[in-house]
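Visitor: my_file-v4.cif is reproduced in full below (mmCIF, C-alpha atoms).
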data_structure
#
loop_
_atom_site.label_atom_id
_atom_site.label_comp_id
_atom_site.auth_asym_id
_atom_site.auth_seq_id
_atom_site.Cartn_x
_atom_site.Cartn_y
_atom_site.Cartn_z
CA MET A 911 24.31 -107.08 30.84
CA GLY A 912 26.76 -108.04 33.55
CA SER A 913 30.50 -108.07 33.20
CA TYR A 914 30.44 -111.86 32.96
CA GLU A 915 28.06 -111.70 30.00
CA THR A 916 30.20 -109.02 28.34
CA LEU A 917 33.24 -111.23 28.69
CA ARG A 918 31.37 -114.18 27.20
CA VAL A 919 30.30 -112.06 24.20
CA ALA A 920 33.87 -110.84 23.77
CA LEU A 921 35.23 -114.38 23.80
CA ALA A 922 32.54 -115.53 21.35
CA ILE A 923 33.34 -112.74 18.90
CA ALA A 924 37.09 -113.30 19.17
CA ALA A 925 36.56 -117.04 18.65
CA LYS A 926 34.36 -116.37 15.62
CA ASP A 927 36.94 -114.06 14.01
CA LEU A 928 39.79 -116.45 14.71
CA LEU A 929 37.80 -119.38 13.36
CA VAL A 930 37.13 -117.51 10.11
CA GLU A 931 40.83 -116.76 9.92
CA GLN A 932 41.83 -120.31 10.79
CA ARG A 933 39.73 -121.70 7.94
CA THR A 934 41.54 -119.73 5.26
CA LYS A 935 44.75 -118.54 6.96
CA THR A 936 45.16 -116.07 4.08
CA ALA A 937 45.60 -112.99 6.26
CA PHE A 938 47.87 -114.80 8.69
CA PHE A 939 50.26 -116.13 6.10
CA SER A 940 50.36 -112.90 4.11
CA SER A 941 51.11 -110.93 7.29
CA LEU A 942 53.82 -113.39 8.26
CA VAL A 943 55.49 -113.47 4.86
CA PHE A 944 55.22 -109.68 4.76
CA ALA A 945 56.95 -109.46 8.17
CA ILE A 946 59.80 -111.71 7.01
CA LEU A 947 60.20 -109.67 3.82
CA VAL A 948 60.35 -106.39 5.75
CA LEU A 949 62.93 -107.83 8.19
CA THR A 950 65.05 -108.95 5.24
CA ILE A 951 64.77 -105.74 3.26
CA LEU A 952 65.57 -103.57 6.29
CA TYR A 953 68.70 -105.68 6.91
CA PHE A 954 70.02 -104.68 3.51
CA ALA A 955 68.73 -101.10 3.64
CA ARG A 956 71.83 -99.72 5.35
CA ASP A 957 75.61 -99.53 5.08
CA ALA A 958 76.70 -102.66 6.96
CA THR A 959 80.15 -101.18 7.66
CA ALA A 960 78.70 -98.10 9.33
CA VAL A 961 75.60 -99.43 11.14
CA SER A 962 75.98 -102.63 13.11
CA ASP A 963 73.31 -105.33 13.24
CA LEU A 964 72.53 -104.53 16.86
CA ASP A 965 72.10 -100.80 16.15
CA LEU A 966 69.66 -101.56 13.38
CA ALA A 967 67.78 -104.40 15.10
CA PRO A 968 65.37 -102.52 17.47
CA GLY A 969 64.10 -100.18 14.76
CA ALA A 970 63.81 -103.01 12.25
CA LEU A 971 61.82 -105.13 14.68
CA TRP A 972 59.26 -102.43 15.40
CA VAL A 973 58.85 -101.20 11.84
CA THR A 974 58.19 -104.83 10.91
CA PHE A 975 55.67 -105.37 13.70
CA THR A 976 53.88 -102.11 12.92
CA PHE A 977 53.49 -102.74 9.22
CA ALA A 978 52.60 -106.40 9.57
CA GLY A 979 50.12 -105.60 12.35
CA MET A 980 48.44 -102.91 10.30
CA LEU A 981 47.82 -105.40 7.49
CA GLY A 982 45.93 -107.59 9.94
CA LEU A 983 43.91 -104.81 11.55
CA ASN A 984 41.98 -103.84 8.45
CA ARG A 985 40.63 -107.36 8.34
CA ALA A 986 38.67 -107.20 11.63
CA PHE A 987 35.85 -105.00 10.34
CA LEU A 988 36.16 -105.80 6.66
CA LEU A 989 34.86 -109.21 7.71
CA GLU A 990 31.75 -107.56 9.08
CA ARG A 991 31.24 -105.35 6.03
CA GLU A 992 30.73 -108.30 3.71
CA ASN A 993 27.03 -109.14 3.46
CA ARG A 994 26.45 -106.38 6.04
CA ALA A 995 27.28 -108.81 8.83
CA VAL A 996 27.79 -105.80 11.10
CA ASP A 997 24.01 -105.31 11.19
CA GLY A 998 23.70 -108.78 12.63
CA LEU A 999 26.20 -107.89 15.32
CA ARG A 1000 24.21 -104.74 16.11
CA LEU A 1001 20.94 -106.62 16.31
CA SER A 1002 22.40 -109.25 18.62
CA PRO A 1003 22.23 -108.60 22.37
CA ALA A 1004 26.00 -107.95 22.36
CA THR A 1005 26.92 -104.60 23.92
CA PRO A 1006 29.41 -102.29 22.15
CA THR A 1007 31.83 -103.00 25.00
CA GLY A 1008 31.57 -106.73 24.34
CA ILE A 1009 32.05 -106.26 20.60
CA PHE A 1010 35.04 -103.98 21.10
CA LEU A 1011 36.70 -106.32 23.60
CA GLY A 1012 36.07 -109.27 21.30
CA LYS A 1013 37.55 -107.51 18.29
CA VAL A 1014 40.55 -106.35 20.32
CA LEU A 1015 41.09 -109.87 21.64
CA GLY A 1016 40.84 -111.40 18.17
CA ASN A 1017 43.26 -108.83 16.75
CA LEU A 1018 45.60 -109.28 19.69
CA VAL A 1019 45.81 -113.01 19.11
CA PHE A 1020 46.25 -112.50 15.38
CA VAL A 1021 48.98 -109.86 15.65
CA GLY A 1022 50.53 -111.64 18.64
CA VAL A 1023 50.94 -114.90 16.74
CA VAL A 1024 52.47 -113.12 13.75
CA GLU A 1025 54.89 -111.40 16.15
CA LEU A 1026 55.77 -114.54 18.06
CA VAL A 1027 56.52 -116.42 14.85
CA SER A 1028 58.65 -113.65 13.39
CA LEU A 1029 60.52 -112.96 16.66
CA PRO A 1030 62.80 -116.03 16.48
CA LEU A 1031 63.58 -115.16 12.88
CA PHE A 1032 64.45 -111.63 13.96
CA ILE A 1033 66.77 -112.98 16.69
CA LEU A 1034 68.36 -115.29 14.14
CA PHE A 1035 68.68 -112.77 11.31
CA TYR A 1036 70.08 -109.96 13.46
CA ASP A 1037 72.02 -112.24 15.79
CA VAL A 1038 70.56 -110.66 18.93
CA PRO A 1039 71.89 -111.99 22.26
CA ILE A 1040 68.47 -111.81 23.87
CA TRP A 1041 67.90 -115.13 25.64
CA ARG A 1042 68.55 -113.90 29.18
CA GLN A 1043 66.32 -110.85 28.76
CA LEU A 1044 63.60 -112.48 26.71
CA GLY A 1045 60.92 -112.04 29.40
CA LEU A 1046 61.47 -108.30 29.45
CA LEU A 1047 61.31 -108.06 25.67
CA LEU A 1048 58.09 -110.07 25.64
CA LEU A 1049 56.60 -107.67 28.20
CA VAL A 1050 57.47 -104.69 25.98
CA ILE A 1051 56.02 -106.48 22.94
CA PHE A 1052 52.83 -107.29 24.86
CA LEU A 1053 52.35 -103.71 26.09
CA ALA A 1054 53.08 -101.99 22.78
CA THR A 1055 50.96 -104.48 20.84
CA THR A 1056 48.00 -104.03 23.20
CA GLY A 1057 48.11 -100.24 22.78
CA PHE A 1058 48.54 -100.58 19.04
CA VAL A 1059 45.68 -103.05 18.68
CA ALA A 1060 43.25 -101.08 20.90
CA VAL A 1061 43.64 -97.86 18.91
CA GLY A 1062 43.85 -99.80 15.65
CA THR A 1063 40.59 -101.65 16.32
CA LEU A 1064 38.75 -98.38 16.95
CA PHE A 1065 40.17 -96.83 13.78
CA SER A 1066 39.53 -99.87 11.62
CA ALA A 1067 35.87 -99.61 12.62
CA ILE A 1068 35.97 -95.98 11.42
CA VAL A 1069 37.79 -96.47 8.12
CA VAL A 1070 35.78 -99.51 7.08
CA ARG A 1071 32.95 -97.07 6.33
CA THR A 1072 35.12 -95.12 3.85
CA ARG A 1073 36.01 -96.00 0.30
CA PHE A 1074 39.79 -96.19 0.69
CA SER A 1075 40.04 -97.96 4.00
CA GLU A 1076 43.42 -99.59 3.20
CA VAL A 1077 45.05 -96.17 2.77
CA MET A 1078 43.01 -94.35 5.38
CA LEU A 1079 43.96 -96.64 8.25
CA PRO A 1080 47.73 -95.96 8.21
CA VAL A 1081 47.15 -92.22 7.70
CA LEU A 1082 45.00 -92.01 10.82
CA LEU A 1083 46.74 -94.67 12.87
CA LEU A 1084 50.46 -93.95 12.45
CA PRO A 1085 50.49 -90.67 14.42
CA PHE A 1086 48.93 -92.62 17.29
CA LEU A 1087 51.56 -95.34 17.01
CA PHE A 1088 54.38 -92.84 17.25
CA PRO A 1089 54.61 -92.70 21.10
CA PRO A 1090 54.28 -96.46 21.75
CA ILE A 1091 56.66 -97.40 18.93
CA VAL A 1092 59.34 -94.90 19.89
CA ALA A 1093 59.05 -96.12 23.50
CA ALA A 1094 59.22 -99.76 22.36
CA VAL A 1095 62.29 -99.10 20.19
CA GLN A 1096 64.06 -97.27 23.01
CA LEU A 1097 63.24 -100.09 25.41
CA THR A 1098 64.28 -102.79 22.95
CA ARG A 1099 67.56 -100.96 22.32
CA ARG A 1100 68.35 -100.96 26.04
CA ILE A 1101 67.21 -104.54 26.56
CA VAL A 1102 69.32 -105.81 23.67
CA ALA A 1103 72.32 -103.87 25.01
CA LEU A 1104 71.76 -105.53 28.44
CA ARG A 1105 71.35 -102.17 30.20
CA PRO A 1106 70.26 -102.15 33.87
CA PHE A 1107 66.53 -102.07 34.61
CA ASP A 1108 66.76 -98.49 35.97
CA GLU A 1109 67.26 -97.24 32.44
CA LEU A 1110 64.01 -98.82 31.32
CA THR A 1111 61.58 -97.48 33.92
CA GLY A 1112 60.96 -94.06 32.30
CA TRP A 1113 59.96 -95.35 28.87
CA LEU A 1114 58.24 -98.36 30.38
CA SER A 1115 55.92 -96.22 32.50
CA MET A 1116 55.21 -93.96 29.53
CA LEU A 1117 54.32 -96.99 27.43
CA ALA A 1118 52.12 -98.42 30.18
CA ALA A 1119 50.35 -95.07 30.64
CA PHE A 1120 49.72 -94.89 26.89
CA VAL A 1121 48.28 -98.39 26.79
CA VAL A 1122 45.96 -97.90 29.77
CA ILE A 1123 44.71 -94.45 28.71
CA PHE A 1124 44.16 -95.30 25.05
CA PHE A 1125 42.67 -98.68 25.75
CA PHE A 1126 39.91 -97.19 27.87
CA LEU A 1127 39.48 -94.14 25.65
CA SER A 1128 39.04 -96.38 22.60
CA LEU A 1129 36.61 -98.57 24.51
CA LEU A 1130 34.60 -95.51 25.54
CA LEU A 1131 34.56 -93.96 22.06
CA PHE A 1132 33.76 -97.22 20.29
CA GLU A 1133 30.14 -96.89 21.34
CA ALA A 1134 29.87 -93.71 19.26
CA ILE A 1135 31.23 -95.58 16.22
CA LEU A 1136 28.86 -98.50 16.39
CA GLU A 1137 25.54 -96.72 16.90
CA GLU A 1138 23.36 -96.27 13.86
CA MET B 315 25.00 -63.73 6.94
CA ARG B 316 25.87 -61.29 9.68
CA SER B 317 28.58 -63.37 11.35
CA ALA B 318 30.39 -63.71 8.00
CA ARG B 319 30.47 -59.93 7.55
CA ARG B 320 31.67 -59.43 11.11
CA GLY B 321 34.37 -62.05 10.45
CA THR B 322 35.49 -60.14 7.36
CA VAL B 323 35.74 -56.92 9.36
CA ILE B 324 37.76 -58.60 12.12
CA THR B 325 40.04 -60.25 9.55
CA GLY B 326 40.56 -56.88 7.82
CA LEU B 327 41.45 -55.19 11.09
CA ALA B 328 43.76 -58.07 12.01
CA LEU B 329 45.54 -57.81 8.65
CA LEU B 330 46.06 -54.09 9.29
CA GLY B 331 47.42 -55.08 12.69
CA LEU B 332 49.74 -57.56 11.00
CA THR B 333 51.16 -54.75 8.86
CA GLY B 334 51.67 -52.86 12.12
CA VAL B 335 53.48 -55.85 13.61
CA TYR B 336 55.81 -56.02 10.58
CA ILE B 337 56.61 -52.32 10.83
CA ARG B 338 57.12 -52.48 14.58
CA ALA B 339 59.26 -55.62 14.37
CA LEU B 340 61.45 -54.33 11.54
CA VAL B 341 61.79 -50.66 12.43
CA TYR B 342 61.11 -50.15 16.11
CA THR B 343 62.28 -53.40 17.71
CA PRO B 344 66.07 -53.67 18.25
CA MET B 345 68.12 -56.19 16.32
CA GLU B 346 68.94 -59.38 18.19
CA ARG B 347 72.72 -59.40 18.82
CA LEU B 348 73.52 -62.96 17.72
CA GLN B 349 70.76 -63.92 15.29
CA GLY B 350 70.54 -60.60 13.45
CA LEU B 351 67.76 -60.01 10.95
CA ALA B 352 66.70 -63.67 10.94
CA GLN B 353 65.29 -63.30 14.44
CA LYS B 354 62.54 -60.99 13.11
CA ILE B 355 60.68 -64.00 11.77
CA PHE B 356 60.10 -65.01 15.38
CA TYR B 357 57.37 -62.33 15.63
CA VAL B 358 55.39 -64.21 12.98
CA HIS B 359 56.48 -67.77 13.72
CA ALA B 360 55.66 -67.97 17.42
CA PRO B 361 52.23 -66.26 17.16
CA ALA B 362 51.32 -68.49 14.19
CA ALA B 363 52.25 -71.52 16.29
CA TRP B 364 50.07 -70.15 19.06
CA ALA B 365 47.11 -69.67 16.72
CA ALA B 366 47.58 -73.19 15.31
CA LEU B 367 47.63 -74.79 18.74
CA LEU B 368 44.63 -72.70 19.81
CA ALA B 369 42.77 -73.87 16.70
CA PHE B 370 43.54 -77.53 17.39
CA ALA B 371 42.59 -77.25 21.05
CA VAL B 372 39.25 -75.78 19.93
CA THR B 373 38.78 -78.69 17.49
CA GLY B 374 39.46 -81.24 20.23
CA LEU B 375 37.20 -79.60 22.79
CA PHE B 376 34.32 -79.04 20.38
CA SER B 377 34.64 -82.65 19.19
CA LEU B 378 34.16 -83.71 22.79
CA LEU B 379 31.19 -81.36 23.14
CA TYR B 380 29.67 -82.83 19.98
CA LEU B 381 29.99 -86.38 21.27
CA ILE B 382 28.31 -85.40 24.54
CA THR B 383 25.48 -83.25 23.18
CA ARG B 384 25.21 -84.43 19.52
CA ASP B 385 24.51 -80.83 18.63
CA ARG B 386 25.44 -80.11 15.01
CA LYS B 387 26.77 -76.66 15.68
CA PHE B 388 29.67 -78.03 17.75
CA ASP B 389 30.76 -80.18 14.83
CA LEU B 390 30.72 -77.17 12.52
CA VAL B 391 32.97 -75.23 14.91
CA ALA B 392 35.35 -78.19 15.30
CA SER B 393 35.74 -78.71 11.56
CA SER B 394 36.12 -74.98 10.77
CA SER B 395 38.77 -74.67 13.45
CA ALA B 396 40.71 -77.65 12.10
CA GLU B 397 40.87 -76.05 8.68
CA VAL B 398 41.99 -72.68 10.01
CA GLY B 399 44.52 -74.49 12.21
CA VAL B 400 46.03 -76.27 9.22
CA ALA B 401 46.55 -72.87 7.55
CA PHE B 402 48.31 -71.46 10.62
CA SER B 403 50.44 -74.61 10.97
CA LEU B 404 51.60 -74.14 7.41
CA VAL B 405 52.75 -70.61 8.32
CA MET B 406 54.53 -72.02 11.36
CA LEU B 407 56.11 -74.91 9.44
CA THR B 408 57.39 -72.67 6.63
CA THR B 409 58.67 -69.77 8.75
CA GLY B 410 60.50 -72.18 11.09
CA PRO B 411 62.95 -73.58 8.50
CA LEU B 412 63.50 -70.07 7.05
CA TRP B 413 64.83 -69.09 10.47
CA GLY B 414 66.49 -72.41 11.18
CA LYS B 415 68.77 -72.31 8.12
CA PRO B 416 70.75 -69.16 9.09
CA VAL B 417 70.60 -69.72 12.85
CA TRP B 418 70.86 -73.50 13.32
CA GLY B 419 72.56 -74.09 9.97
CA THR B 420 69.89 -76.54 8.87
CA TRP B 421 66.39 -76.28 7.42
CA TRP B 422 64.98 -79.07 9.49
CA THR B 423 66.01 -80.96 12.58
CA TRP B 424 64.23 -83.70 14.54
CA ASP B 425 63.88 -81.54 17.58
CA ALA B 426 61.06 -82.01 20.08
CA ARG B 427 58.91 -79.05 19.21
CA LEU B 428 59.41 -79.39 15.46
CA THR B 429 58.47 -83.02 15.48
CA SER B 430 55.43 -82.63 17.69
CA THR B 431 54.06 -79.72 15.66
CA LEU B 432 54.64 -81.70 12.47
CA PHE B 433 52.66 -84.58 13.96
CA ILE B 434 49.86 -82.29 15.11
CA PHE B 435 49.72 -80.89 11.59
CA LEU B 436 49.57 -84.38 10.07
CA LEU B 437 46.91 -85.45 12.57
CA PHE B 438 44.63 -82.64 11.55
CA VAL B 439 45.25 -83.09 7.85
CA GLY B 440 44.15 -86.68 8.53
CA TYR B 441 41.10 -85.33 10.34
CA LEU B 442 40.13 -83.25 7.28
CA VAL B 443 40.83 -86.16 4.90
CA LEU B 444 38.59 -88.39 6.99
CA ARG B 445 35.80 -85.80 6.90
CA GLY B 446 36.03 -85.75 3.15
CA ALA B 447 35.47 -89.51 3.02
CA PHE B 448 31.87 -89.41 4.29
CA ASN B 449 28.80 -88.04 2.59
CA ASP B 450 26.41 -88.52 5.45
CA PHE B 451 26.50 -85.55 7.82
CA GLU B 452 25.75 -87.49 10.96
CA ILE B 453 28.40 -90.18 10.41
CA ARG B 454 30.97 -87.60 9.36
CA ALA B 455 30.38 -85.55 12.50
CA ARG B 456 30.40 -88.55 14.82
CA PHE B 457 33.48 -90.27 13.38
CA SER B 458 35.57 -87.13 13.05
CA ALA B 459 34.63 -86.12 16.61
CA VAL B 460 36.00 -89.46 17.82
CA LEU B 461 39.26 -88.72 15.99
CA GLY B 462 39.33 -85.16 17.40
CA VAL B 463 39.03 -86.40 20.98
CA MET B 464 41.66 -89.10 20.42
CA ALA B 465 44.03 -86.48 18.96
CA LEU B 466 43.52 -84.18 21.94
CA VAL B 467 44.71 -86.93 24.28
CA LEU B 468 47.54 -87.97 21.95
CA VAL B 469 49.29 -84.60 21.72
CA PRO B 470 50.80 -84.66 25.27
CA PHE B 471 52.13 -88.17 24.60
CA ILE B 472 53.80 -87.08 21.37
CA HIS B 473 55.33 -84.15 23.17
CA VAL B 474 56.79 -86.24 25.99
CA THR B 475 58.08 -88.78 23.47
CA VAL B 476 60.00 -86.34 21.34
CA TYR B 477 61.12 -84.34 24.36
CA TRP B 478 62.70 -87.40 25.92
CA PHE B 479 64.27 -88.22 22.60
CA ARG B 480 66.17 -84.91 22.53
CA THR B 481 65.60 -81.21 22.16
CA LEU B 482 67.43 -78.33 20.47
CA HIS B 483 64.67 -75.75 20.13
CA PRO B 484 65.23 -72.43 21.92
CA GLU B 485 63.83 -72.62 25.42
CA PRO B 486 60.52 -70.84 25.94
CA VAL B 487 60.99 -67.10 26.42
CA LEU B 488 57.44 -66.23 27.37
CA LEU B 489 55.55 -69.02 29.12
CA LYS B 490 57.88 -70.40 31.74
CA PRO B 491 57.93 -70.70 35.52
CA ASP B 492 59.91 -67.50 36.22
CA ARG B 493 59.67 -64.15 34.45
CA PRO B 494 59.90 -63.88 30.65
CA SER B 495 63.56 -63.68 29.55
CA LEU B 496 62.81 -61.62 26.44
CA PRO B 497 63.85 -57.92 26.66
CA GLY B 498 60.90 -55.56 27.16
CA VAL B 499 60.66 -54.06 23.65
CA MET B 500 60.83 -57.47 21.96
CA LEU B 501 58.33 -58.87 24.41
CA THR B 502 55.85 -56.09 23.60
CA THR B 503 56.21 -56.76 19.86
CA LEU B 504 55.66 -60.47 20.46
CA LEU B 505 52.60 -59.89 22.63
CA ILE B 506 51.10 -57.50 20.08
CA SER B 507 51.69 -60.07 17.38
CA ILE B 508 50.08 -62.81 19.45
CA GLY B 509 47.06 -60.54 19.89
CA VAL B 510 46.95 -59.87 16.14
CA PHE B 511 47.18 -63.58 15.30
CA THR B 512 44.46 -64.39 17.78
CA ALA B 513 42.25 -61.79 16.07
CA LEU B 514 43.17 -63.31 12.70
CA TYR B 515 42.14 -66.71 14.01
CA VAL B 516 38.80 -65.34 15.23
CA GLY B 517 38.21 -63.55 11.92
CA PHE B 518 39.07 -66.61 9.83
CA MET B 519 36.98 -68.81 12.08
CA MET B 520 33.88 -66.62 11.80
CA GLN B 521 34.10 -66.57 8.02
CA ARG B 522 34.89 -70.25 7.71
CA HIS B 523 32.13 -71.14 10.13
CA ALA B 524 29.57 -69.03 8.26
CA LEU B 525 30.62 -70.78 5.06
CA THR B 526 30.25 -74.20 6.69
CA VAL B 527 26.76 -73.33 7.88
CA LEU B 528 25.79 -72.23 4.36
CA ARG B 529 27.25 -75.38 2.85
CA ASP B 530 25.38 -77.42 5.39
CA ILE B 531 22.08 -75.76 4.46
CA ARG B 532 22.78 -76.35 0.76
CA ASP B 533 23.57 -80.02 1.38
CA GLU B 534 20.31 -80.40 3.23
CA GLU B 535 18.36 -78.79 0.44
CA THR B 536 20.03 -81.11 -2.07
CA VAL B 537 19.09 -84.12 0.04
CA ASP B 538 15.52 -82.84 0.37
CA ALA B 539 15.28 -82.23 -3.37
CA ASN B 540 16.49 -85.74 -4.10
CA ALA B 541 14.16 -87.30 -1.57
#
Take the structure in this file and express it as structure tokens.
Guide:
Amino acid sequence: MGSYETLRVALAIAAKDLLVEQRTKTAFFSSLVFAILVLTILYFARDATAVSDLDLAPGALWVTFTFAGMLGLNRAFLLERENRAVDGLRLSPATPTGIFLGKVLGNLVFVGVVELVSLPLFILFYDVPIWRQLGLLLLVIFLATTGFVAVGTLFSAIVVRTRFSEVMLPVLLLPFLFPPIVAAVQLTRRIVALRPFDELTGWLSMLAAFVVIFFFLSLLLFEAILEE
Amino acid sequence: MRSARRGTVITGLALLGLTGVYIRALVYTPMERLQGLAQKIFYVHAPAAWAALLAFAVTGLFSLLYLITRDRKFDLVASSSAEVGVAFSLVMLTTGPLWGKPVWGTWWTWDARLTSTLFIFLLFVGYLVLRGAFNDFEIRARFSAVLGVMALVLVPFIHVTVYWFRTLHPEPVLLKPDRPSLPGVMLTTLLISIGVFTALYVGFMMQRHALTVLRDIRDEETVDANA
């Protein structure tokens, strides 16, 4: 199967997953409402006289994105578990690479939309003067989310075979989210404080290295998960 | 099971060696000028950390070997090593705060090495929890090997992350670019202790591994009997 075919399979699987989601919108709206709730609760979970909005904002944003994203990730393979749909995927001529890319793409769109909808609320709630640096923040969000979704897709394929997949996913996934989230928080903190670009390069290259390495590692290892 | 018996002998000898390390550290190694008696815990803490990291490196590498060869015996080594590693990490994570309280004035601090070892510990507890979630040998081996390889690649990232965040931990006294900065007598005690802990690791591993093999055989027989 050529790379063009693989891409077509990936797009088809992503489109299928998103269509299923679009018909019910249950996961999307629960993730979104969950994100808004977390943003609100975190705002009040501090001493407002001691910790300013801007000091709290970067951490709040990323805790929200992480938790809301994790809710969505479990869904990707739970869909396939029902009626053993995963066997159909395996029987189809789709390669593991195509399936993985499709699932990652579907998750990326799902988590990305939740993030993009909650971002304006975050800017509003925490009164973040971000408009001039928005492009940079979106780049950080894109990178961290891609890393998060790649590893998360691999792990959701693992935990879906266990009995307590909802609990198992965070236990396995959170240690892997530690480097990208700390990097994203550090970057967001500097971006929000309008620091010069020089102060971003270190964490930015670490984040990029994480995304590239774990994306390809997850892609490579996914084959071992799917085989029967 | 010959390897089990050999493991018991090695563990016994290593435990005798550990008694020797205690005696040497307490009686024959000079008192550290600033840290006093608390520093003695270093001769247990650092070697336990070494054994834990060794155990986890073995788990990661044997996970990779399993994925390449699909040979059962690599999975058994990887899982045994993870369990032994969790035990050594617990020694490391309990002796650390005992030393930290008198010397740093706090039980715990979010320092680079503390945080990364805590994460490594949690990763491998997760690894063992995941293993417990599967009944089928083949799936368990394959899935946990994937996690083992992922963890092996993750550890450097965690270390860089927390290191850039900030560090307070004493600088390395043994493995560093120039010569060790530990005085000779203390260095000898530390090296002996590292040797003893390595032997302990080997002894534990051989026993644990023999047990895993036996359990594996029993599981197979149960499956056969049910079939």
Visitor: Give as a VMD selection string every residue of chain B that touches chain A within 6 Å, counting all atoms listed in the file.
Guide: chain B and resid 440 447 472 475
Visitor: Run the PyMOL selection byres ((chain A and resi 1044) around 12) mentally over the shown coordinates, then write out the matched residues as a VMD selection string, using the chain letters and numbers from the document.
Guide: chain A and resid 1026 1029 to 1030 1033 1038 to 1043 1045 to 1051 1098 1101 to 1102 1104
Visitor: Please, what distance in Å, to one decimal, runs between CA of Asp425 in chain B and CA of Ser403 in chain B?
Guide: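 These two atoms are separated by 16.5 Å.
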Visitor: Once the PyMOL selection byres ((chain B and resi 515) around 12) is applied to the coordinates I shared, what remains selected? I want it as a ChimeraX atom specification.
Guide: /B:321-322,324-329,361-370,372,394-403,508-514,516-523
Visitor: Given the file shown, enumerate the residues that the PyMOL selection byres ((chain A and resi 962-976) around 8) captures and present them as JSON, numbers by chain.
Guide: {"A": [945, 948, 949, 952, 953, 958, 959, 960, 961, 977, 978, 979, 980, 1025, 1032, 1036, 1037, 1038, 1091, 1094, 1095, 1096, 1098, 1099, 1102]}
Visitor: Would you work out the distance separating CA of Glu990 in chain A from CA of Ile923 in chain A, expressed in Å to one decimal?
Guide: 11.2 Å
Visitor: B:Thr526, B:Thr536, B:Thr429, B:Thr503: which is nearest Tyr342 in chain B, counting all atoms listed in the file?
Guide: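 Once distances to Tyr342 in chain B are computed over all atoms listed in the file, the minimum belongs to B:Thr503.
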Visitor: Between B:Leu378, B:Val499, B:Val527, B:Ala459, single out the one closest to Val341 in chain B, counting only C-alpha atoms.
Guide: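 With only C-alpha atoms as the atom set, the closest residue is B:Val499.
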Visitor: To one decimal in Å, tell me the separation between CA of Gly912 in chain A and CA of Pro1006 in chain A.
Guide: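 Atom-to-atom, CA of Gly912 in chain A and CA of Pro1006 in chain A are spaced 13.0 Å apart.
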Visitor: Name the closest residue to Phe938 in chain A among the candidates A:Phe1052, A:Phe1020, A:Phe1010, A:Phe1035; distances are taken between atoms, counting only C-alpha atoms.
Guide: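 Residue with the minimum atom-to-atom distance to Phe938 in chain A: A:Phe1020.
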Visitor: From the set B:Leu501, B:Ser377, B:Asp450, B:His473, which residue has the shortest atom-to-atom contact distance to Phe356 in chain B, counting only C-alpha atoms?
Guide: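 For Phe356 in chain B, the nearest of the candidates is B:Leu501.
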Visitor: Which residues are close to Leu1015 in chain A, i.e. within 8 Å by all atoms listed in the file, leaving aside same-chain residues fewer than 2 positions away? Reply as a PyMOL selection string.
Guide: chain A and resi 920-921+924+1011-1013+1017-1019
Visitor: Near Tyr380 in chain B, counting all atoms listed in the file, which residues have an atom at most 12 Å away, once you skip same-chain residues fewer than 2 positions from it, shown as number ranges by chain?
Guide: A: 1134; B: 372-378, 382-393, 452, 454-463
Visitor: So which residues touch Thr916 in chain A within 8 Å, counting all atoms listed in the file, skipping near sequence neighbours fewer than 4 positions away, as a VMD selection string?
Guide: chain A and resid 911 to 912 920 1004 to 1005 1007 to 1008
Visitor: Name the closest residue to Leu436 in chain B among the candidates B:Leu348, B:Thr409, B:Phe448, B:Ala465; distances are taken between atoms, counting only C-alpha atoms.
Guide: B:Ala465
Visitor: With all atoms listed in the file as the basis for distance, which of B:Arg316, B:Ala426, B:Pro344, B:Pro470 is at the shortest distance from Leu496 in chain B?
Guide: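 Once distances to Leu496 in chain B are computed over all atoms listed in the file, the minimum belongs to B:Pro344.
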Visitor: Here's a test: counting all atoms listed in the file, identify every protein, DNA and RNA residue with an atom at most 7 Å from (44.5, -108.9, 7.4) in the file's coordinate frame, and state them as number ranges by chain.
Guide: A: 937-938, 941, 981-985
